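Asker: The structure is given below, and queries will be raised subsequently.
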Number of protein chains: 2
Amino acid sequence: MVFFIIGLGLGDESDITLKGLQAIKSCEYIYLEAYTSILGVQKDKLEEFYGKKIIEADRETCEEAIDEILAQAKINEDKNAAFLVVGDPFCATTHMDLFLRAVKKGLKVEIVHNASIINAVGCSGMQVYRFGEVVSLPFFTETWKPFSFYDKIEQNIKANLHTLLLLDIKVKERSVENLLKGKKVYEPPRFMEIKTAVEQIIETEKTLGKKAIGPKTKAVGLGRIGMKDQLIVAGCLEDFLEISMGPPLHSFVICAPELHIIEEEMFEFYRWKKKDSGVKI
Amino acid sequence: MVFFIIGLGLGDESDITLKGLQAIKSCEYIYLEAYTSILGVQKDKLEEFYGKKIIEADRETCEEAIDEILAQAKINEDKNAAFLVVGDPFCATTHMDLFLRAVKKGLKVEIVHNASIINAVGCSGMQVYRFGEVVSLPFFTETWKPFSFYDKIEQNIKANLHTLLLLDIKVKERSVENLLKGKKVYEPPRFMEIKTAVEQIIETEKTLGKKAIGPKTKAVGLGRIGMKDQLIVAGCLEDFLEISMGPPLHSFVICAPELHIIEEEMFEFYRWKKKDSGVKI
């Protein structure tokens with residue numbers, strides 16, 4: 001019995017690797033992790049494409065799903081199982097935890113790698129070698145505004161490095177009220193847009209009285225990378241208050257203060273011109 | 001006419017995505033970039049697998065190849081062309097340059113993403129979010145010992161971040177003598193092993209009188225990631241003078257001073273025990 005953790009890449013059902021598809025075909029139980037990222041296609045499309053039933057594992061049921069997989073794996077030793085992950089298997093802590101739990105139970109685990117935003121960010125025109133620490137930007141609320149993300153961007157800028165900002169995703173979350181009442185009523189999914197990210201950055205700069213970023217800092221907006229309608233737009237930070245990046249997912253690159261020649265050329269190629277909605281490739 | 005730049009991922013012929021394979025099937029001209037990285041299979045295996053002829057583009061002919069692709073693309077407007085790249089299309093500056101030249105000539109360019117060591121490094125157990133700037137380590141020679149790589153690792157360590165070291169690859173290179181004589185005689189390919197990397201790091205520390213790394217610094221050795229016989233071994237820097245990592249390609253992770261709980265667990269899972277050759281998964 002093999003327990004596969006398979007990266008689906010970015011985009012749609014055709015972004016799986018042949019190795020990944022072959023593995024899925026050999027599986028009896030297939031779980032889809034659906035809360036750290038989303039693919040451009042729905043579960044039923046994937047089911048049709050694979051010719052297999054898929055069980056969706058959201059944040060709540062993910063841990064249970066893991067135990068179920070592990071239990072099933074022990075019972076049906078000749079039946080393979082797979083856990084499907086948008087992007088690459090090891091690009092989220094949850095999946096590393098899943099891996100460890102499985103190997104500790106003595107399961108044979110195989111990883112099938114794929115693209116994730118961590119390396120596909122090269123399409124921004126900024127070289128993957130020149131990125132500093134990745135920064136996650138959570139939704140601010142009235143009462144919770146964690147400004148700590150700012151220090152990391154500042155540190156990258158000081159070191160003349162680019163920053164990849166991963167924007168918050170809220171899928172199948174419950175309001176505090178419903179949580180307290182124990183009600184399984186879910187809020188509609190929310191995906192942070194680049195515009196919101198920029199507003200939060202500006203708010204953070206104002207509150208902290210810092211100026212590491214500023215309205216004229218170069219940045220690259222990434223919308224739906226890997227999908228047919230992906231959008232890559234370069235501009236100054238303040239431009240992104242106006243640019244409409246379209247549906248989710250969005251990611252955002254804050255550029256290093258100095259660009260290499262080829263990065264500069266790529267930036268010009270993607271540069272936003274007012275009245276455009278962006279550059280399509 | 002579409003000009004595809006297609007990532008082959010890491011490993012073998014089955015690591016291409018369905019999208020990538022479909023694109024190749026539509027192409028008349030297919031080039032394989034074969035000097036910034038290598039796949040676990042040879043060109044003829046790929047040709048058989050795709051059912052297509054492949055032209056190998058080494059460092060010398062790569063630029064010519066690009067011009068040829070662009071010229072062909074103009075002449076045969078209904079015939080697609082592809083440029084195949086190990087890993088992800090944008091993980092080397094050369095490929096970004098290729099992209100720019102193509103779009104500037106008015107070609108329709110499509111990118112097919114895939115895994116590269118930049119994101120697959122997550123399999124080391126170190127979280128991809130906690131990596132600082134990527135460091136390339138060139139082969140030292142008697143007369144050329146560029147120590148500048150060390151500063152970057154030092155900076156990452158100070159910021160409590162991991163470092164991914166990409167080890168030098170020399171494919172189809174000519175000796176200075178043969179270059180001067182204009183002789184097209186090539187040196188045998190060379191791939192830096194982790195042992196050599198560690199020796200160079202130690203030499204650099206001694207020469208510069210620095211102690212940012214040291215023999216007890218935690219590190220993870222990666223051999224042939226994505227291939228069937230991949231090897232992941234965790235240990236202290238000095239352990240890697242003894243550990244045999246096997247055939248190329250090797251990559252190396254220098255860990256941040258502090259590991260998160262799950263990173264610590266992964267490190268223990270992969271930890272080298274004397275007399276082992278490493279841990280296989």
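Each chain in the structure tokens gets a letter, A, B, ..., in the order shown, and its residues are numbered from 1; ligands are numbered from 1 in order too.
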Might you pull out every residue within 12 Å of Ile213 (chain B), with only C-alpha atoms counted and same-chain residues fewer than 3 positions away left off, and present them as a PyMOL selection string?
Answerer: chain B and resi 150-158+162-163+198+201-206+209-210+216-219+236-238+254-257
Asker: Since chain A and chain B share a sequence, can you fit the second onto the first over all C-alpha atoms in order and output it as a compact mmCIF listing (two decimals) with C-alpha atoms, in the first residue's frame?
Answerer:
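New file out_32.txt:
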# COMPACT_ATOMS: atom_id res chain seq x y z
CA MET B 1 -0.01 -0.02 0.00
CA VAL B 2 1.29 3.40 -0.93
CA PHE B 3 0.05 6.68 0.48
CA PHE B 4 0.62 9.39 -2.11
CA ILE B 5 0.75 13.10 -1.41
CA ILE B 6 0.27 14.63 -4.83
CA GLY B 7 0.73 18.23 -5.91
CA LEU B 8 -1.88 19.38 -8.44
CA GLY B 9 0.09 22.46 -9.45
CA LEU B 10 -1.56 25.74 -10.28
CA GLY B 11 -4.34 26.16 -12.78
CA ASP B 12 -6.70 23.38 -13.76
CA GLU B 13 -7.03 19.60 -14.00
CA SER B 14 -4.38 19.39 -16.75
CA ASP B 15 -1.65 20.74 -14.48
CA ILE B 16 -1.18 17.42 -12.74
CA THR B 17 1.92 15.49 -13.78
CA LEU B 18 1.70 12.13 -15.57
CA LYS B 19 3.29 10.60 -12.47
CA GLY B 20 0.57 12.14 -10.31
CA LEU B 21 -2.25 11.00 -12.57
CA GLN B 22 -0.86 7.48 -12.73
CA ALA B 23 -0.73 7.43 -8.92
CA ILE B 24 -4.35 8.61 -8.63
CA LYS B 25 -5.47 5.88 -11.03
CA SER B 26 -4.02 3.32 -8.62
CA CYS B 27 -5.88 4.71 -5.60
CA GLU B 28 -9.00 3.58 -3.83
CA TYR B 29 -9.30 6.57 -1.52
CA ILE B 30 -8.66 10.08 -2.74
CA TYR B 31 -8.82 13.18 -0.57
CA LEU B 32 -8.62 16.75 -1.79
CA GLU B 33 -7.27 19.40 0.55
CA ALA B 34 -9.37 22.47 -0.10
CA TYR B 35 -8.56 25.20 2.35
CA THR B 36 -4.99 26.39 1.98
CA SER B 37 -5.43 27.16 -1.73
CA ILE B 38 -7.87 26.66 -4.58
CA LEU B 39 -7.61 25.31 -8.09
CA GLY B 40 -9.36 26.89 -11.09
CA VAL B 41 -11.71 23.91 -11.33
CA GLN B 42 -14.26 22.36 -9.00
CA LYS B 43 -14.18 18.95 -7.38
CA ASP B 44 -16.73 17.39 -9.77
CA LYS B 45 -14.58 18.38 -12.75
CA LEU B 46 -11.61 16.64 -11.18
CA GLU B 47 -13.71 13.55 -10.41
CA GLU B 48 -14.82 13.35 -14.02
CA PHE B 49 -11.29 13.86 -15.23
CA TYR B 50 -9.77 11.20 -12.97
CA GLY B 51 -12.77 8.87 -13.17
CA LYS B 52 -12.58 8.61 -9.39
CA LYS B 53 -14.57 9.71 -6.37
CA ILE B 54 -12.93 12.47 -4.34
CA ILE B 55 -13.52 13.34 -0.69
CA GLU B 56 -13.10 17.01 0.09
CA ALA B 57 -11.14 17.73 3.25
CA ASP B 58 -11.69 21.21 4.64
CA ARG B 59 -9.89 22.66 7.64
CA GLU B 60 -12.31 21.06 10.05
CA THR B 61 -12.34 17.57 8.63
CA CYS B 62 -8.74 17.50 7.46
CA GLU B 63 -7.32 15.99 10.62
CA GLU B 64 -10.15 13.46 10.79
CA ALA B 65 -9.60 12.69 7.13
CA ILE B 66 -5.95 11.99 7.82
CA ASP B 67 -6.82 9.54 10.59
CA GLU B 68 -9.35 7.89 8.33
CA ILE B 69 -6.78 7.56 5.54
CA LEU B 70 -4.31 6.07 7.97
CA ALA B 71 -6.86 3.66 9.41
CA GLN B 72 -8.04 2.59 5.94
CA ALA B 73 -4.46 2.19 4.84
CA LYS B 74 -3.85 -0.25 7.67
CA ILE B 75 -7.01 -2.26 6.96
CA ASN B 76 -6.73 -2.45 3.20
CA GLU B 77 -3.06 -2.98 2.72
CA ASP B 78 -3.36 -3.50 -1.01
CA LYS B 79 -5.37 -0.35 -1.62
CA ASN B 80 -3.51 2.86 -2.28
CA ALA B 81 -4.65 6.23 -1.01
CA ALA B 82 -3.91 9.77 -2.16
CA PHE B 83 -4.06 13.19 -0.66
CA LEU B 84 -4.30 15.89 -3.33
CA VAL B 85 -2.88 19.31 -2.64
CA VAL B 86 -3.03 22.48 -4.75
CA GLY B 87 0.53 23.51 -5.62
CA ASP B 88 3.34 21.37 -4.18
CA PRO B 89 2.88 18.84 -1.34
CA PHE B 90 5.36 20.48 1.03
CA CYS B 91 4.30 24.08 0.57
CA ALA B 92 2.09 24.09 3.69
CA THR B 93 2.89 23.02 7.24
CA THR B 94 -0.32 20.98 7.41
CA HIS B 95 0.93 18.70 4.67
CA MET B 96 4.30 18.24 6.32
CA ASP B 97 2.43 17.22 9.46
CA LEU B 98 0.39 14.74 7.41
CA PHE B 99 3.58 13.28 5.96
CA LEU B 100 5.11 12.82 9.42
CA ARG B 101 2.00 11.19 10.86
CA ALA B 102 1.91 8.77 7.95
CA VAL B 103 5.57 7.73 8.06
CA LYS B 104 5.39 7.37 11.84
CA LYS B 105 2.54 4.90 11.37
CA GLY B 106 4.84 2.93 9.12
CA LEU B 107 3.12 3.78 5.86
CA LYS B 108 5.04 3.91 2.61
CA VAL B 109 4.63 7.54 1.53
CA GLU B 110 5.41 8.88 -1.93
CA ILE B 111 5.52 12.56 -2.81
CA VAL B 112 4.64 13.82 -6.29
CA HIS B 113 5.97 17.36 -6.73
CA ASN B 114 4.44 20.13 -8.78
CA ALA B 115 4.61 23.88 -9.32
CA SER B 116 3.50 26.20 -6.55
CA ILE B 117 3.41 29.96 -6.30
CA ILE B 118 6.73 29.70 -4.42
CA ASN B 119 8.56 28.95 -7.68
CA ALA B 120 6.00 30.04 -10.29
CA VAL B 121 6.47 33.57 -8.91
CA GLY B 122 9.38 33.73 -11.36
CA CYS B 123 6.74 34.62 -13.99
CA SER B 124 6.57 38.05 -12.31
CA GLY B 125 9.87 38.81 -14.01
CA MET B 126 11.66 38.95 -10.68
CA GLN B 127 14.33 36.27 -10.35
CA VAL B 128 13.48 33.48 -7.93
CA TYR B 129 17.03 33.65 -6.55
CA ARG B 130 16.49 37.19 -5.32
CA PHE B 131 13.50 36.59 -3.05
CA GLY B 132 13.82 36.91 0.69
CA GLU B 133 11.51 35.39 3.28
CA VAL B 134 7.94 34.76 2.09
CA VAL B 135 5.33 36.86 3.89
CA SER B 136 1.74 35.85 4.67
CA LEU B 137 -0.69 38.74 4.96
CA PRO B 138 -3.81 38.03 7.04
CA PHE B 139 -7.09 39.94 6.78
CA PHE B 140 -7.15 42.81 9.29
CA THR B 141 -10.26 43.08 11.45
CA GLU B 142 -11.47 45.93 13.65
CA THR B 143 -9.78 44.37 16.66
CA TRP B 144 -6.92 42.37 15.12
CA LYS B 145 -4.28 44.08 13.03
CA PRO B 146 -1.06 42.08 13.11
CA PHE B 147 1.58 44.46 11.78
CA SER B 148 4.46 42.00 12.18
CA PHE B 149 4.42 41.09 8.48
CA TYR B 150 5.83 44.56 7.79
CA ASP B 151 9.18 43.88 9.47
CA LYS B 152 9.84 40.99 7.13
CA ILE B 153 9.21 43.07 4.02
CA GLU B 154 11.40 45.81 5.48
CA GLN B 155 14.18 43.33 6.11
CA ASN B 156 13.96 42.02 2.53
CA ILE B 157 14.05 45.56 1.15
CA LYS B 158 17.12 46.39 3.24
CA ALA B 159 18.83 43.28 1.85
CA ASN B 160 17.85 44.34 -1.70
CA LEU B 161 15.57 41.30 -2.08
CA HIS B 162 12.07 40.82 -3.46
CA THR B 163 9.16 39.74 -1.27
CA LEU B 164 6.40 37.33 -2.22
CA LEU B 165 3.22 38.17 -0.30
CA LEU B 166 0.72 35.36 0.08
CA LEU B 167 -2.71 36.88 0.58
CA ASP B 168 -5.18 35.50 3.11
CA ILE B 169 -7.75 32.87 2.19
CA LYS B 170 -10.77 32.13 4.34
CA VAL B 171 -12.66 29.03 3.32
CA LYS B 172 -15.35 27.36 5.42
CA GLU B 173 -14.67 29.59 8.41
CA ARG B 174 -17.22 30.18 11.16
CA SER B 175 -17.96 33.51 12.82
CA VAL B 176 -16.97 33.83 16.49
CA GLU B 177 -20.69 33.86 17.33
CA ASN B 178 -21.38 30.62 15.48
CA LEU B 179 -18.23 29.05 16.91
CA LEU B 180 -19.36 29.89 20.46
CA LYS B 181 -22.86 28.58 19.77
CA GLY B 182 -21.34 25.45 18.23
CA LYS B 183 -23.28 26.11 15.04
CA LYS B 184 -21.86 24.62 11.84
CA VAL B 185 -22.80 27.70 9.82
CA TYR B 186 -20.06 28.88 7.52
CA GLU B 187 -19.17 32.31 6.31
CA PRO B 188 -18.91 32.79 2.54
CA PRO B 189 -15.34 32.16 1.29
CA ARG B 190 -13.08 35.22 1.17
CA PHE B 191 -9.92 35.72 -0.82
CA MET B 192 -7.80 38.79 -0.23
CA GLU B 193 -7.44 41.00 -3.28
CA ILE B 194 -4.26 42.88 -4.03
CA LYS B 195 -6.13 46.18 -3.49
CA THR B 196 -6.93 45.13 0.08
CA ALA B 197 -3.33 44.03 0.62
CA VAL B 198 -2.08 47.44 -0.51
CA GLU B 199 -4.59 49.24 1.75
CA GLN B 200 -3.38 47.16 4.69
CA ILE B 201 0.26 47.90 3.85
CA ILE B 202 -0.51 51.65 3.72
CA GLU B 203 -2.42 51.48 7.01
CA THR B 204 0.49 49.63 8.62
CA GLU B 205 3.04 52.19 7.39
CA LYS B 206 0.92 55.04 8.74
CA THR B 207 0.36 53.40 12.10
CA LEU B 208 3.97 52.38 12.60
CA GLY B 209 5.31 55.62 11.14
CA LYS B 210 7.59 53.66 8.78
CA LYS B 211 8.62 54.39 5.23
CA ALA B 212 10.36 51.26 3.98
CA ILE B 213 7.78 50.69 1.26
CA GLY B 214 5.90 53.84 0.21
CA PRO B 215 3.57 54.64 -2.72
CA LYS B 216 6.29 54.57 -5.39
CA THR B 217 7.77 51.19 -4.50
CA LYS B 218 7.78 48.84 -7.48
CA ALA B 219 5.50 45.84 -7.25
CA VAL B 220 4.07 43.09 -9.44
CA GLY B 221 0.50 41.85 -9.13
CA LEU B 222 -0.21 38.20 -9.94
CA GLY B 223 -3.75 37.02 -10.61
CA ARG B 224 -4.76 33.40 -11.16
CA ILE B 225 -1.24 32.21 -12.06
CA GLY B 226 -1.31 29.05 -14.14
CA MET B 227 -4.90 29.59 -15.25
CA LYS B 228 -5.97 30.52 -18.77
CA ASP B 229 -6.92 34.06 -17.74
CA GLN B 230 -3.88 34.75 -15.59
CA LEU B 231 -2.90 38.38 -15.21
CA ILE B 232 0.53 39.82 -14.48
CA VAL B 233 0.76 43.57 -13.93
CA ALA B 234 3.73 45.67 -12.83
CA GLY B 235 3.39 49.09 -11.28
CA CYS B 236 4.01 51.25 -8.24
CA LEU B 237 2.33 50.31 -4.98
CA GLU B 238 -0.25 53.08 -5.29
CA ASP B 239 -1.22 51.95 -8.82
CA PHE B 240 -2.64 48.79 -7.32
CA LEU B 241 -5.35 50.80 -5.56
CA GLU B 242 -6.74 51.37 -9.07
CA ILE B 243 -5.83 48.17 -10.93
CA SER B 244 -8.56 45.58 -11.12
CA MET B 245 -6.95 42.15 -10.90
CA GLY B 246 -10.15 40.12 -11.37
CA PRO B 247 -11.21 36.92 -9.55
CA PRO B 248 -8.99 35.07 -7.01
CA LEU B 249 -6.32 33.91 -6.33
CA HIS B 250 -4.06 36.93 -6.08
CA SER B 251 -0.44 37.08 -5.00
CA PHE B 252 1.73 40.14 -4.76
CA VAL B 253 5.42 40.85 -5.22
CA ILE B 254 7.13 43.82 -3.59
CA CYS B 255 10.28 44.38 -5.64
CA ALA B 256 13.78 44.89 -4.31
CA PRO B 257 14.96 48.52 -4.52
CA GLU B 258 17.37 47.65 -7.34
CA LEU B 259 16.34 45.53 -10.30
CA HIS B 260 18.71 43.61 -12.54
CA ILE B 261 18.65 44.55 -16.22
CA ILE B 262 16.49 41.60 -17.22
CA GLU B 263 14.13 42.21 -14.28
CA GLU B 264 13.84 45.83 -15.36
CA GLU B 265 12.94 44.72 -18.87
CA MET B 266 10.34 42.28 -17.58
CA PHE B 267 8.92 45.01 -15.36
CA GLU B 268 8.55 47.32 -18.36
CA PHE B 269 6.91 44.55 -20.35
CA TYR B 270 4.26 44.04 -17.68
CA ARG B 271 3.95 47.69 -16.73
CA TRP B 272 0.41 48.94 -16.18
CA LYS B 273 -0.83 51.77 -18.36
CA LYS B 274 -3.76 53.75 -17.02
CA LYS B 275 -7.07 52.65 -18.56
CA ASP B 276 -5.67 49.14 -19.09
CA SER B 277 -6.82 46.42 -16.82
CA GLY B 278 -3.35 44.94 -17.09
CA VAL B 279 -1.21 42.93 -19.45
CA LYS B 280 -2.29 39.48 -20.47
CA ILE B 281 0.06 36.80 -21.69
Asker: Can you list, as a ChimeraX atom specification, every residue of region 3-232 of chain A that DSSP puts in alpha helix (DSSP H)?
Answerer: /A:18-25,43-50,59-75,93-104,117-120,149-158,176-181,194-208
